[in-house]
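Heads up, the thing below is written out as structure tokens.
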There are 2 protein chains.
Amino acid sequence: MRTIRPIFRAHSRLLKGQYHSVHAFCCFLVQNLPCSRLQANTQFTVPFRTCSLSTMTADSKKPLDGKASQSNSPINTTERVKRLREIMRENGLHAYIVPSEDAHQSEYLADRDARRAFVSGFTGSAGLAVITLEQAALWTDGRYFLQASQQLDANWTLMKSGLPDVPSKEEWLVKVLPKESKVGVDPKLFTVGAARQLAEALTKEGHSLVSIHENLVDKVWGADQPSMPPHKIIVHPIAYSGKSSEEKIAALREQIEKKKTYGFIVTALDEIAWLFNLRGSDIAYNPVFFAYALVTRDEVLLYVDENKLTNEVKEHLGSTVKIRPYEAVFQDVKQFGAQKQGEKLWIDSRCSLALQDALGGSQYVSESRSPVMTAKAIKNEAELEGFRQSHIRDAAALCEYFAWLEKELVENKAALAEVEAADKLESLRRKQKDFVGLSFDTISSTGPNGAIIHYKPERETCATIQVDQLYLCDSGAQYKDGTTDVTRTLHFGTPTAEEKDAFTRVLKGHIQIDMAVFPRGTTGYLLDVLARVPLWKAGLDFRHGTGHGVGSFLNVHEGPHGIGTRIAYNDVQLEAGMTVTNEPGYYKEGSFGIRIENVLLIRDVKTPHNFGDRGYLGFEHVTLVPIQTSLVDIGLLTPEERDWLNAYHTRCWDRVHPLLQEGSDGWKWLKRHTQKI
Amino acid sequence: MRTIRPIFRAHSRLLKGQYHSVHAFCCFLVQNLPCSRLQANTQFTVPFRTCSLSTMTADSKKPLDGKASQSNSPINTTERVKRLREIMRENGLHAYIVPSEDAHQSEYLADRDARRAFVSGFTGSAGLAVITLEQAALWTDGRYFLQASQQLDANWTLMKSGLPDVPSKEEWLVKVLPKESKVGVDPKLFTVGAARQLAEALTKEGHSLVSIHENLVDKVWGADQPSMPPHKIIVHPIAYSGKSSEEKIAALREQIEKKKTYGFIVTALDEIAWLFNLRGSDIAYNPVFFAYALVTRDEVLLYVDENKLTNEVKEHLGSTVKIRPYEAVFQDVKQFGAQKQGEKLWIDSRCSLALQDALGGSQYVSESRSPVMTAKAIKNEAELEGFRQSHIRDAAALCEYFAWLEKELVENKAALAEVEAADKLESLRRKQKDFVGLSFDTISSTGPNGAIIHYKPERETCATIQVDQLYLCDSGAQYKDGTTDVTRTLHFGTPTAEEKDAFTRVLKGHIQIDMAVFPRGTTGYLLDVLARVPLWKAGLDFRHGTGHGVGSFLNVHEGPHGIGTRIAYNDVQLEAGMTVTNEPGYYKEGSFGIRIENVLLIRDVKTPHNFGDRGYLGFEHVTLVPIQTSLVDIGLLTPEERDWLNAYHTRCWDRVHPLLQEGSDGWKWLKRHTQKI
């Protein structure tokens with residue numbers, strides 16, 4: 001739908017969009033690793049910045065030096081840091097902390113929220129800046145050491161998180177600050193938990209944490225700061241949402257009652273969109289809009305810029321939802337806090353310090369996982385059917401794309417840049433019914449670039465796809481009836497034995513997850529190992545989680561569940577109606593990357609027995625794109641795995657070929673790639 | 001070795017040995033379940049108490065009523081409870097708590113330590129008694145509801161832990177006690193952690209926890225209480241221990257240094273036996289002796305009854321180990337506490353409150369996992385070789401046993417009671433070189449009795465083994481060079497399709513664990529799922545952990561690691577040199593039980609790759625007893641699993657047949673049961 005195309009608008013001049021350059025895949029799944037594993041062992045490389053790999057030696061594991069593109073040159077931050085210090089002095093501050101997050105803890109940021117990138121010049125997705133009156137330091141993790149060292153100018157010290165002897169921000173502050181210093185933060189950008197931890201560390205050493213309600217970076221940024229996105233909101237119809245907003249609010253109120261609170265404040269943007277059956281386009285790839293919502297026993301308040309609301313939306317919301325200006329949430333919450341003395345408001349643990357402060361402090365809140373997140377994770381039948389249908393159309397586009405790519409590379413011997421190919425894929429998806437936009441930046445990567453888990457090809461500098469290398473493509477789209485996220489790894493020439501061995505092991509892990517049956521009560525933390533066992537047998541592994549939840553025409557990443565090594569996944573049982581990706585991989589640094597990703601629905605499964613009367617669950621795959629059999633070492637598959645692959649391909653053919661013109665390249669590609677092995 | 005045969009001495013007249021009646025298997029592995037699962041879903045049955053099952057209907061899930069054996073009749077506790085209350089009044093107490101544990105948190109108890117059984121009459125392994133001036137209550141879990149209801153007399157209220165509305169001991173105490181009550185405990189029998197939790201709950205409500213150093217139950221028991229076991233200690237030679245006591249103490253001192261403490265107090269009996277390369281016979285099945293040990297930077301103190309020490313032992317200990325009376329530990333520790341002001345003593349979290357109190361309180365200790373437990377868990381090459389060798393001999397005995405049993409049941413159509421069969425097995429094991437005794441009470445169980453996870457047949461009342469039922473035998477022995485623990489499930493007639501299906505799935509899980517390869521850093525918590533996946537596919541599962549550590553001529557259960565759903569197993573990485581059992585099962589209540597158990601050694605594994613440079617580990621099975629192939633549904637096995645089974649049987653034949661006389665029944669049985677499938 002064209003009206004929300006702006007979510008794919010060009011990035012702002014100022015930031016060149018680079019804070020988007022880390023694909024969502026990485027943001028979410030790499031974080032699944034226990035920190036110790038990520039930090040101690042991770043040696044990330046950065047994207048190759050030339051279009052040709054011909055100048056690389058075969059075993060080179062380093063990018064070509066001295067060819068950093070314009071976008072990675074440092075921005076001169078002298079003036080903005082100087083101005084920030086002036087304002088800090090005016091506020092009596094000795095330090096000011098600028099995190100990456102926005103007020104809603106969104107995974108992607110609107111341009112105006114890229115404050116840490118503005119003040120430091122470093123545009124990676126993960127990082128935190130601390131400015132004292134004399135020094136400025138930026139913390140980031142191993143994925144970004146090179147990029148940060150290129151982008152930071154002389155005003156900044158790079159703190160390589162996870163390396164030995166690199167202090168935490170708290171340790172550093174305590175060392176450099178004079179006695180009884182005041183450390184300022186914008187309380188809207190800190191969760192209650194993060195603020196608590198920081199305050200404890202500072203007060204223990206005699207310093208104090210000070211909430212400054214006006215953001216000091218915004219004051220420095222001034223008129224150049226992009227404005228709040230003005231985009232219109234649309235209604236997400238009941239045919240796709242499957243449940244009315246009224247029903248969702250009624251169920252939420254039951255939870256509020258059970259929790260013995262007077263209400264719940266919704267702060268995550270995708271939760272608000274889900275609760276009201278609305279969608280927006282304020283943030284790239286995520287069809288959400290800036291808002292807060294407060295649901296109490298007898299009121300529903302939606303805090304949103306009224307200019308975003310069309311008549312249709314107003315009608316949809318009806319008279320029970322009270323519309324209030326976006327920023328009014330703080331004064332309203334203050335009033336609630338004052339009126340409801342003795343009662344508590346339920347907040348999610350990602351709720352901002354600013355809201356808790358407005359309420360009067362932590363004694364007025366009950367903090368635990370958002371009931372909206374929990375409810376949203378379990379899809380109803382309409383949403384599940386939307387997943388199935390949108391994935392068939394998405395598969396048709398991918399078949400056309402891979403057919404085109406194969407023809408261009410093999411028959412036409414075309415020199416195709418990674419981004420050029422990604423553009424073609426987008427154009428083919430765009431033709432599909434109910435396409436709205438991409439669900440994240442396409443990872444289109446050849447050879448060694450595929451081994452960079454957070455790779456995003458840059459238009460000006462990306463590599464040419466090589467016919468004799470593995471090609472990894474991780475992409476997805478937003479359709480009105482569902483969100484897709486699919487990775488396939490292909491080879492257009494003759495793969496090496498090593499590539500086939502690794503591909504087959506990744507596939508075995510993928511199949512083991514797909515075929516798993518498990519009793520209710522099982523978590524994704526426990527299932528994760530099934531994806532790794534076939535790799536482990538050869539001494540291989542992958543440094544990211546196995547899967548994440550997927551929204552229904554919403555964020556491509558959503559919680560609270562997932563399949564992975566992150567211990568938090570052990571707190572959430574997998575339940576019927578949840579969605580989860582299945583995406584094991586293997587990455588050989590400097591050589592190739594492999595990932596095979598489907599979206600799965602969790603379903604009740606009929607088993608011959610039902611030990612413990614718990615009921616058993618299993619997966620239904622909705623992604624229907626062939627898995628390249630010429631990359632499979634068939635001898636490594638069990639008969640059951642072979643049957644799985646043949647059945648999967650039969651299903652792909654049956655469901656997808658009706659959408660492809662008989663005899664077309666896409667149709668022929670699908671037919672060829674779904675032959676039995 | 002005959003000198004330590006007393007560990008299999010007859011049980012005391014008073015208790016009829018019933019506190020041993022819960023086999024070790026259950027004590028350790030069933031506890032691996034998260035409490036919620038155990039408590040909410042568990043419906044345990046109790047052993048059938050008649051020798052024939054002919055009076056049972058086919059679908060009966062209850063034992064025959066009204067036939068409780070003498071041992072399950074209540075003991076009249078009126079006098080002892082009355083006397084206890086008198087002593088409580090003398091001490092100004094309003095309540096007194098009697099736990100199951102001894103002063104060393106041993107899994108098995110010496111007779112004199114069965115205080116809870118003495119005071120309440122309830123002899124199950126798990127339970128806790130609380131006596132107030134008016135009431136007396138006993139808490140136990142679902143495994144023992146029936147037994148406790150039979151054994152408790154009218155003085156007692158049974159508290160069925162885990163059932164809805166059953167209060168915890170703290171909740172109950174708070175409800176029944178008058179204001180500002182004093183609740184007494186013997187601080188030797190409470191760990192620092194348990195005491196802390198109890199004290200918090202009581203003081204919050206205005207009561208107080210009082211340490212009474214003389215045990216009040218002992219005062220009631222008086223002259224009838226069995227005395228401290230007087231058995232002699234023996235030296236565990238270096239050929240089996242592989243490392244001298246001096247080396248072990250030196251390594252411990254390094255840990256003590258690193259931990260910035262002045263010493264470590266060893267309280268677990270198996271840790272003391274391991275540290276000094278000594279073995280004893282004070283507790284059934286566990287070759288340990290009562291002692292404490294204190295290792296400081298410059299002293300080694302062993303607190304033990306000097307009468308237990310032979311000249312050989314004294315010579316072995318040499319002059320560096322100072323021998324002190326067992327009970328002197330408390331006064332010595334008091335002195336240390338006073339001398340070392342400002343320094344801390346390292347204690348294990350299972351250390352008793354009495355020791356911490358003697359030291360001066362929690363401010364003088366550093367509490368974390370015993371470094372001796374951690375060191376003991378990793379076997380050296382001599383110990384590993386001892387495991388291999390003792391398991392070959394143990395397998396020879398088992399082959400002879402199963403051959404005998406088959407002949408008796410099938411050819412001779414003998415009526416064999418479960419215990420009679422177990423006796424035969426013990427007699428065959430006894431003939432093996434370096435046999436010392438059993439490592440736990442043999443589970444010899446026919447049909448429905450096999451489904452009772454903690455089943456122990458009673459001599460007078462047990463069932464007759466039926467040729468048309470599954471027979472589950474879980475047994476093990478102590479040899480001078482190693483400890484064994486093996487379960488096999490056999491059918492001497494024609495198994496049903498359901499039995500074969502379940503058996504094959506248990507076997508598949510067993511093989512998946514056995515074949516697993518995993519990177520260093522992996523825990524047994526993560527591997528557990530591999531044992532369950534084949535069962536889950538049919539809606540089956542088992543309610544215990546998959547495996548526990550095994551001592552080297554020491555306790556058959558040892559930590560800190562294990563394979564199971566107990567979250568504590570996620571805190572301990574599996575390491576090369578550890579031992580662990582692999583014992584998935586399936587239990588159909590009222591019908592049959594299946595378990596297949598081998599002991600595994602964790603070894604470094606050479607993999608084609610070494611992703612992450614972490615190194616990869618795998619298992620070596622040392623148990624060499626055939627797995628009955630007539631119970632296997634071969635069609636359910638993958639080719640790889642079939643190969644595993646054939647290779648396993650080849651290995652059994654190759655290693656075990658040299659110990660069997662050619663042409664003997666055992667030899668023929670082994671040959672027949674190791675044929676390729």
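FYI, nothing fancy with the structure tokens labels: chains A, B, ... in order, residues from 1 per chain, ligands from 1 as they appear.
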
For the interface of chain B with chain A (cut-off 6 Å, counting only C-alpha atoms), please tabulate each contacting residue of chain B alongside its nearest pair of atoms and their separation in Å to one decimal, rows sorted by chain and increasing number, as JSON lines.
```
{"residue": "B:Val517", "atom": "CA", "partner": "A:Lys537", "partner_atom": "CA", "distance": 5.2}
{"residue": "B:Phe518", "atom": "CA", "partner": "A:Trp536", "partner_atom": "CA", "distance": 5.5}
{"residue": "B:Trp536", "atom": "CA", "partner": "A:Phe518", "partner_atom": "CA", "distance": 5.5}
{"residue": "B:Lys537", "atom": "CA", "partner": "A:Val517", "partner_atom": "CA", "distance": 5.2}
{"residue": "B:Ala538", "atom": "CA", "partner": "A:Thr607", "partner_atom": "CA", "distance": 5.2}
{"residue": "B:Gly539", "atom": "CA", "partner": "A:His609", "partner_atom": "CA", "distance": 4.6}
{"residue": "B:Leu540", "atom": "CA", "partner": "A:Phe611", "partner_atom": "CA", "distance": 5.0}
{"residue": "B:Thr607", "atom": "CA", "partner": "A:Gly539", "partner_atom": "CA", "distance": 5.1}
{"residue": "B:Pro608", "atom": "CA", "partner": "A:Ala538", "partner_atom": "CA", "distance": 5.5}
{"residue": "B:His609", "atom": "CA", "partner": "A:Gly539", "partner_atom": "CA", "distance": 4.6}
{"residue": "B:Asn610", "atom": "CA", "partner": "A:Gly539", "partner_atom": "CA", "distance": 4.8}
{"residue": "B:Phe611", "atom": "CA", "partner": "A:Leu540", "partner_atom": "CA", "distance": 5.0}
```

Prev. selection, N, CA and C atoms, output as a short mmCIF file (atom, residue, chain, number, x, y, z; two decimals), in the first residue's frame:
```cif
data_model
loop_
_atom_site.label_atom_id
_atom_site.label_comp_id
_atom_site.auth_asym_id
_atom_site.auth_seq_id
_atom_site.Cartn_x
_atom_site.Cartn_y
_atom_site.Cartn_z
N VAL B 517 28.69 -34.83 20.11
CA VAL B 517 29.95 -34.11 20.15
C VAL B 517 29.58 -32.66 20.41
N PHE B 518 30.32 -32.00 21.27
CA PHE B 518 29.89 -30.66 21.67
C PHE B 518 31.10 -29.82 22.06
N TRP B 536 9.66 -37.79 22.65
CA TRP B 536 8.70 -36.71 22.44
C TRP B 536 7.93 -36.89 21.13
N LYS B 537 8.61 -37.40 20.11
CA LYS B 537 7.93 -37.55 18.81
C LYS B 537 6.71 -38.45 18.91
N ALA B 538 6.70 -39.34 19.91
CA ALA B 538 5.54 -40.21 20.10
C ALA B 538 4.70 -39.75 21.28
N GLY B 539 5.00 -38.57 21.82
CA GLY B 539 4.24 -38.10 22.98
C GLY B 539 4.66 -38.78 24.27
N LEU B 540 5.89 -39.27 24.32
CA LEU B 540 6.39 -39.93 25.53
C LEU B 540 7.47 -39.08 26.18
N THR B 607 37.88 -33.43 15.87
CA THR B 607 36.90 -33.11 14.83
C THR B 607 37.63 -32.54 13.61
N PRO B 608 37.04 -32.66 12.41
CA PRO B 608 37.71 -32.14 11.22
C PRO B 608 38.02 -30.64 11.32
N HIS B 609 37.13 -29.91 11.99
CA HIS B 609 37.34 -28.48 12.19
C HIS B 609 37.36 -28.19 13.68
N ASN B 610 37.69 -26.96 14.04
CA ASN B 610 37.68 -26.56 15.44
C ASN B 610 37.21 -25.12 15.54
N PHE B 611 35.96 -24.92 15.12
CA PHE B 611 35.39 -23.57 15.05
C PHE B 611 35.44 -22.91 16.43
#
```

What's around Phe553 in chain A at 6 Å? Count only C-alpha atoms, leave out sequence neighbours fewer than 2 positions away in its own chain, and write the answer as a PDB file with C-alpha atoms, in the first residue's frame.
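Done, and the output landed in selection34.pdb:
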```
ATOM      1  CA  GLN A 478       5.928  -6.542   4.899  1.00  0.00           C
ATOM      2  CA  LYS A 480      -0.733  -6.485   4.709  1.00  0.00           C
ATOM      3  CA  GLY A 482       2.043 -10.961   7.149  1.00  0.00           C
ATOM      4  CA  THR A 483       5.744 -10.349   7.564  1.00  0.00           C
ATOM      5  CA  GLY A 551       5.327 -10.014  13.919  1.00  0.00           C
TER       6      GLY A 551
END
```

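Here CA of Asp165 in chain B stands at a distance of 24.5 Å from CA of Arg520 in chain A.
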
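Of the residues listed (A:Asp481, A:Glu575, A:Glu180, A:Asp186), A:Asp481 shows the shortest atom-to-atom separation from Lys433 in chain A; distances use only C-alpha atoms.
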
According to DSSP computed on the backbone, where in range 402-504 of chain A is there helix (DSSP H, G or I)? Give the residues as number ranges by chain. A: 402-411, 418-430, 447-451, 497-504

Save out the residues we just selected, C-alpha atoms, as a PDB file, in the first residue's frame.
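The result, stored in selection-v4.pdb:
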```pdb
ATOM      1  CA  PHE A 402      16.794 -16.640  -8.154  1.00  0.00           C
ATOM      2  CA  ALA A 403      15.829 -17.647 -11.722  1.00  0.00           C
ATOM      3  CA  TRP A 404      16.770 -14.167 -12.957  1.00  0.00           C
ATOM      4  CA  LEU A 405      20.006 -14.156 -10.962  1.00  0.00           C
ATOM      5  CA  GLU A 406      21.069 -17.565 -12.242  1.00  0.00           C
ATOM      6  CA  LYS A 407      20.358 -16.544 -15.849  1.00  0.00           C
ATOM      7  CA  GLU A 408      22.226 -13.256 -15.507  1.00  0.00           C
ATOM      8  CA  LEU A 409      25.254 -14.815 -13.877  1.00  0.00           C
ATOM      9  CA  VAL A 410      25.526 -18.093 -15.758  1.00  0.00           C
ATOM     10  CA  GLU A 411      24.027 -17.441 -19.192  1.00  0.00           C
ATOM     11  CA  GLU A 418      25.227  -7.116  -4.614  1.00  0.00           C
ATOM     12  CA  VAL A 419      22.936  -4.078  -4.216  1.00  0.00           C
ATOM     13  CA  GLU A 420      21.832  -4.216  -7.831  1.00  0.00           C
ATOM     14  CA  ALA A 421      20.646  -7.773  -7.263  1.00  0.00           C
ATOM     15  CA  ALA A 422      18.878  -6.753  -4.056  1.00  0.00           C
ATOM     16  CA  ASP A 423      17.087  -3.999  -6.003  1.00  0.00           C
ATOM     17  CA  LYS A 424      15.844  -6.561  -8.491  1.00  0.00           C
ATOM     18  CA  LEU A 425      14.521  -8.713  -5.654  1.00  0.00           C
ATOM     19  CA  GLU A 426      12.677  -5.737  -4.190  1.00  0.00           C
ATOM     20  CA  SER A 427      11.140  -4.932  -7.565  1.00  0.00           C
ATOM     21  CA  LEU A 428       9.850  -8.511  -7.866  1.00  0.00           C
ATOM     22  CA  ARG A 429       8.400  -8.481  -4.377  1.00  0.00           C
ATOM     23  CA  ARG A 430       6.741  -5.139  -5.080  1.00  0.00           C
ATOM     24  CA  GLY A 447      31.591 -15.281  -0.940  1.00  0.00           C
ATOM     25  CA  PRO A 448      33.465 -13.806   2.020  1.00  0.00           C
ATOM     26  CA  ASN A 449      30.803 -11.133   2.544  1.00  0.00           C
ATOM     27  CA  GLY A 450      28.385 -13.898   3.444  1.00  0.00           C
ATOM     28  CA  ALA A 451      30.573 -14.673   6.438  1.00  0.00           C
ATOM     29  CA  ALA A 497      33.388 -30.334  -0.890  1.00  0.00           C
ATOM     30  CA  GLU A 498      33.893 -28.159   2.195  1.00  0.00           C
ATOM     31  CA  GLU A 499      31.017 -25.884   1.193  1.00  0.00           C
ATOM     32  CA  LYS A 500      28.737 -28.878   0.570  1.00  0.00           C
ATOM     33  CA  ASP A 501      29.675 -30.514   3.849  1.00  0.00           C
ATOM     34  CA  ALA A 502      28.959 -27.342   5.815  1.00  0.00           C
ATOM     35  CA  PHE A 503      25.759 -26.630   3.872  1.00  0.00           C
ATOM     36  CA  THR A 504      24.481 -30.148   4.532  1.00  0.00           C
TER      37      THR A 504
END
```

Excluding Asp113 in chain A and any residue of its chain fewer than 5 positions from it, enumerate the residues within 9 Å of it, using only C-alpha atoms, and give them as a PyMOL selection string. chain A and resi 100-103+225-226

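The smallest atom-to-atom distance between Thr310 in chain A and any of A:Ile233, A:Asp282, A:Ile594, A:Glu171, using only C-alpha atoms, is found for A:Ile233.
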
Would you list the contacts of Gly666 in chain A as a PyMOL selection string, taking every protein, DNA or RNA residue within 9 Å and counting only C-alpha atoms, but skipping same-chain residues closer than 4 positions in sequence? chain A and resi 396-404+657+660-662+670-671

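Coordinates place CA of Ala117 in chain B at a distance of 10.0 Å from CA of Ile75 in chain B.
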
DSSP on the backbone: which residues in range 448-671 of chain B end up as strand (DSSP E or B)? Give the answer as an MDAnalysis selection string. chainID B and resid 464 470:475 477:479 482:483 486:491 517:519 523 547:549 558:563 573 579:582 585:588 592:595 597:605 616:621

Pick from A:His621, A:Lys676, A:Lys314, A:His213 nearest to Phe330 in chain A, counting only C-alpha atoms: A:His213

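For the choices B:Thr296, B:Ser241, B:Ser211, B:Asn76, the atom-to-atom distance to Ala358 in chain B is smallest for B:Ser211 when using only C-alpha atoms.
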